[in-house]
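Shown next, in C-alpha coordinates, is the structure this report addresses.
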Amino acid sequence: MTKSPFDPGGDLHEPLNDVMARISSELVDVAELIERLEPLLSNGRSTEFLASPDHMRVMQGIDLAVQKARGLAGFIDGIGERLDSDHLIDISTALNLITLEDMKRRLKASIHAAPSAEIYQKASGDLEFF
(Lines give C-alpha, C1' and ligand atoms only; values in the text may rest on other atoms or scores of the structure.)
Protein backbone atom coordinates (compact mmCIF):
# COMPACT_ATOMS: atom_id res chain seq x y z
CA MET A 1 0.00 0.00 0.00
CA THR A 2 1.09 3.49 -0.67
CA LYS A 3 0.56 6.76 1.17
CA SER A 4 0.53 8.97 -1.95
CA PRO A 5 -2.76 9.78 -3.72
CA PHE A 6 -1.08 9.46 -7.11
CA ASP A 7 1.81 7.32 -8.27
CA PRO A 8 4.20 8.40 -11.03
CA GLY A 9 2.01 6.65 -13.61
CA GLY A 10 -0.97 8.79 -12.64
CA ASP A 11 -3.11 5.95 -11.24
CA LEU A 12 -5.66 7.14 -8.70
CA HIS A 13 -5.38 5.63 -5.24
CA GLU A 14 -8.13 5.76 -2.67
CA PRO A 15 -8.60 4.87 0.99
CA LEU A 16 -8.92 1.13 1.54
CA ASN A 17 -11.55 1.67 4.24
CA ASP A 18 -13.80 3.43 1.68
CA VAL A 19 -13.34 0.60 -0.81
CA MET A 20 -14.21 -1.97 1.83
CA ALA A 21 -17.34 -0.03 2.80
CA ARG A 22 -18.49 -0.10 -0.82
CA ILE A 23 -17.82 -3.85 -1.07
CA SER A 24 -19.79 -4.37 2.13
CA SER A 25 -22.67 -2.39 0.67
CA GLU A 26 -22.64 -4.59 -2.44
CA LEU A 27 -22.82 -7.72 -0.29
CA VAL A 28 -25.82 -6.31 1.59
CA ASP A 29 -27.40 -5.66 -1.81
CA VAL A 30 -26.74 -9.28 -2.82
CA ALA A 31 -28.40 -10.49 0.39
CA GLU A 32 -31.47 -8.36 -0.35
CA LEU A 33 -31.71 -9.71 -3.89
CA ILE A 34 -31.49 -13.30 -2.63
CA GLU A 35 -34.05 -12.66 0.11
CA ARG A 36 -36.55 -11.58 -2.52
CA LEU A 37 -36.46 -15.11 -3.95
CA GLU A 38 -37.97 -16.68 -0.84
CA PRO A 39 -41.55 -15.51 -1.42
CA LEU A 40 -41.41 -16.73 -5.02
CA LEU A 41 -40.69 -20.25 -3.81
CA SER A 42 -43.44 -20.34 -1.21
CA ASN A 43 -46.19 -18.00 -2.40
CA GLY A 44 -49.27 -19.85 -3.68
CA ARG A 45 -47.63 -23.26 -3.72
CA SER A 46 -49.34 -26.43 -2.62
CA THR A 47 -48.71 -27.68 0.90
CA GLU A 48 -47.18 -30.83 -0.61
CA PHE A 49 -44.59 -28.73 -2.44
CA LEU A 50 -43.81 -26.72 0.68
CA ALA A 51 -43.44 -29.90 2.75
CA SER A 52 -41.07 -31.64 0.33
CA PRO A 53 -37.51 -32.20 1.58
CA ASP A 54 -36.04 -30.88 -1.69
CA HIS A 55 -37.98 -27.63 -1.40
CA MET A 56 -36.96 -27.27 2.23
CA ARG A 57 -33.28 -27.69 1.25
CA VAL A 58 -33.66 -24.97 -1.38
CA MET A 59 -35.27 -22.63 1.15
CA GLN A 60 -32.55 -23.40 3.71
CA GLY A 61 -29.91 -22.78 1.03
CA ILE A 62 -31.41 -19.38 0.24
CA ASP A 63 -31.50 -18.51 3.92
CA LEU A 64 -27.88 -19.62 4.34
CA ALA A 65 -26.79 -17.56 1.31
CA VAL A 66 -28.46 -14.46 2.79
CA GLN A 67 -26.82 -15.06 6.18
CA LYS A 68 -23.40 -15.56 4.58
CA ALA A 69 -23.68 -12.42 2.43
CA ARG A 70 -24.77 -10.33 5.41
CA GLY A 71 -22.07 -11.89 7.60
CA LEU A 72 -19.34 -11.16 5.05
CA ALA A 73 -20.67 -7.61 4.65
CA GLY A 74 -20.46 -7.05 8.39
CA PHE A 75 -16.99 -8.61 8.56
CA ILE A 76 -15.63 -6.45 5.73
CA ASP A 77 -17.29 -3.37 7.17
CA GLY A 78 -15.81 -4.11 10.60
CA ILE A 79 -12.30 -4.44 9.19
CA GLY A 80 -12.72 -1.34 7.03
CA GLU A 81 -13.83 0.76 10.01
CA ARG A 82 -10.57 -0.07 11.78
CA LEU A 83 -8.31 0.85 8.88
CA ASP A 84 -6.46 4.12 8.83
CA SER A 85 -7.67 6.40 6.02
CA ASP A 86 -4.00 6.82 5.04
CA HIS A 87 -3.97 3.25 3.63
CA LEU A 88 -4.48 3.88 -0.07
CA ILE A 89 -4.93 1.37 -2.88
CA ASP A 90 -5.48 1.38 -6.63
CA ILE A 91 -8.59 -0.66 -7.47
CA SER A 92 -8.46 -0.21 -11.25
CA THR A 93 -7.17 -3.75 -11.93
CA ALA A 94 -9.81 -5.28 -9.66
CA LEU A 95 -12.55 -3.19 -11.29
CA ASN A 96 -11.55 -4.59 -14.68
CA LEU A 97 -12.53 -8.06 -13.43
CA ILE A 98 -16.12 -6.97 -12.77
CA THR A 99 -18.49 -7.50 -15.70
CA LEU A 100 -21.59 -5.76 -14.30
CA GLU A 101 -21.28 -2.10 -15.24
CA ASP A 102 -23.68 -0.85 -12.55
CA MET A 103 -21.68 -2.64 -9.85
CA LYS A 104 -18.46 -1.29 -11.29
CA ARG A 105 -19.88 2.25 -11.10
CA ARG A 106 -20.96 1.78 -7.47
CA LEU A 107 -17.52 0.49 -6.50
CA LYS A 108 -15.78 3.54 -7.98
CA ALA A 109 -15.04 6.18 -5.37
CA SER A 110 -16.71 9.25 -6.83
CA ILE A 111 -19.95 7.68 -8.05
CA HIS A 112 -22.94 7.11 -5.80
CA ALA A 113 -25.62 4.92 -7.40
CA ALA A 114 -28.67 3.18 -5.99
CA PRO A 115 -28.22 -0.48 -5.06
CA SER A 116 -29.42 -2.91 -7.73
CA ALA A 117 -31.94 -4.40 -5.28
CA GLU A 118 -33.78 -1.06 -5.46
CA ILE A 119 -33.32 -0.49 -9.18
CA TYR A 120 -34.60 -3.82 -10.44
CA GLN A 121 -37.95 -3.25 -8.71
CA LYS A 122 -38.55 -0.12 -10.81
CA ALA A 123 -37.34 -1.11 -14.26
CA SER A 124 -36.99 -4.10 -16.51
CA GLY A 125 -33.65 -5.07 -17.91
CA ASP A 126 -31.82 -7.77 -19.75
CA LEU A 127 -32.16 -11.36 -18.62
CA GLU A 128 -29.91 -14.15 -19.78
CA PHE A 129 -30.83 -17.79 -19.23
CA PHE A 130 -27.81 -20.08 -19.08
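Residue numbers start at 1 in each chain; chains themselves are named A, B, ... in the order of the C-alpha coordinates; ligands are numbered from 1 in the order shown.
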Quick one: everything within 10 Å of Arg70 in chain A, counting only C-alpha atoms, minus sequence neighbours fewer than 6 positions away in the same chain. Send it as an mmCIF file with N, CA, C and O atoms, in the first residue's frame.
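Once written, out.cif looks like this:
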```cif
data_model
loop_
_atom_site.group_PDB
_atom_site.id
_atom_site.type_symbol
_atom_site.label_atom_id
_atom_site.label_comp_id
_atom_site.auth_asym_id
_atom_site.auth_seq_id
_atom_site.Cartn_x
_atom_site.Cartn_y
_atom_site.Cartn_z
ATOM 1 N N SER A 24 -18.811 -3.951 1.135
ATOM 2 C CA SER A 24 -19.785 -4.368 2.132
ATOM 3 C C SER A 24 -21.200 -4.018 1.693
ATOM 4 O O SER A 24 -22.125 -4.827 1.798
ATOM 5 N N SER A 25 -21.370 -2.829 1.157
ATOM 6 C CA SER A 25 -22.674 -2.386 0.667
ATOM 7 C C SER A 25 -23.167 -3.283 -0.467
ATOM 8 O O SER A 25 -24.355 -3.619 -0.539
ATOM 9 N N GLU A 26 -22.260 -3.684 -1.346
ATOM 10 C CA GLU A 26 -22.635 -4.592 -2.441
ATOM 11 C C GLU A 26 -23.092 -5.945 -1.903
ATOM 12 O O GLU A 26 -24.037 -6.540 -2.408
ATOM 13 N N LEU A 27 -22.415 -6.443 -0.874
ATOM 14 C CA LEU A 27 -22.820 -7.724 -0.287
ATOM 15 C C LEU A 27 -24.188 -7.631 0.378
ATOM 16 O O LEU A 27 -24.987 -8.569 0.302
ATOM 17 N N VAL A 28 -24.483 -6.519 1.017
ATOM 18 C CA VAL A 28 -25.818 -6.312 1.588
ATOM 19 C C VAL A 28 -26.849 -6.311 0.467
ATOM 20 O O VAL A 28 -27.926 -6.901 0.586
ATOM 21 N N ASP A 29 -26.517 -5.681 -0.647
ATOM 22 C CA ASP A 29 -27.398 -5.656 -1.806
ATOM 23 C C ASP A 29 -27.641 -7.076 -2.327
ATOM 24 O O ASP A 29 -28.775 -7.444 -2.656
ATOM 25 N N VAL A 30 -26.601 -7.882 -2.393
ATOM 26 C CA VAL A 30 -26.737 -9.279 -2.823
ATOM 27 C C VAL A 30 -27.684 -10.028 -1.884
ATOM 28 O O VAL A 30 -28.567 -10.768 -2.334
ATOM 29 N N ALA A 31 -27.529 -9.835 -0.588
ATOM 30 C CA ALA A 31 -28.398 -10.490 0.386
ATOM 31 C C ALA A 31 -29.856 -10.100 0.163
ATOM 32 O O ALA A 31 -30.750 -10.951 0.212
ATOM 33 N N GLU A 32 -30.099 -8.823 -0.115
ATOM 34 C CA GLU A 32 -31.470 -8.363 -0.351
ATOM 35 C C GLU A 32 -32.048 -8.979 -1.621
ATOM 36 O O GLU A 32 -33.217 -9.360 -1.655
ATOM 37 N N LEU A 64 -29.313 -19.557 4.040
ATOM 38 C CA LEU A 64 -27.880 -19.616 4.338
ATOM 39 C C LEU A 64 -27.103 -18.614 3.472
ATOM 40 O O LEU A 64 -26.203 -17.922 3.968
ATOM 41 N N ILE A 76 -16.400 -7.408 6.539
ATOM 42 C CA ILE A 76 -15.632 -6.453 5.734
ATOM 43 C C ILE A 76 -15.808 -5.038 6.259
ATOM 44 O O ILE A 76 -14.848 -4.272 6.350
#
```
Checklist entry - Can you list, as a ChimeraX atom specification, every protein, DNA or RNA residue that comes within 10 Å of Asp77 in chain A when you count only C-alpha atoms, leaving out same-chain residues fewer than 5 positions away? => result /A:17-25,71-72,82
Checklist entry - So, counting only C-alpha atoms, which residue among A:Gly78, A:Leu40, A:Glu35, A:Ser85 is closest to Ala65 in chain A? => result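 The answer is A:Glu35, which sits nearest to Ala65 in chain A.
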Checklist entry - So how far away is CA of Gly61 in chain A from CA of Leu33 in chain A, in Å? => result 14.1 Å
Checklist entry - What separation in Å, quoted to one decimal, exists between CA of Ile91 in chain A and CA of Lys108 in chain A? => result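 Between CA of Ile91 in chain A and CA of Lys108 in chain A the gap is 8.3 Å.
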Next on the checklist: Using DSSP assignments from the backbone, pull out every residue in range 32-107 of chain A that falls under helix (DSSP H, G or I) and give it to me as a PyMOL selection string.
Outcome noted: chain A and resi 32-35+38-42+47-51+53-81+92-95+101-107
Checklist outcome for this item: One decimal place gives the CA of Pro39 in chain A-CA of Met59 in chain A separation as 9.8 Å
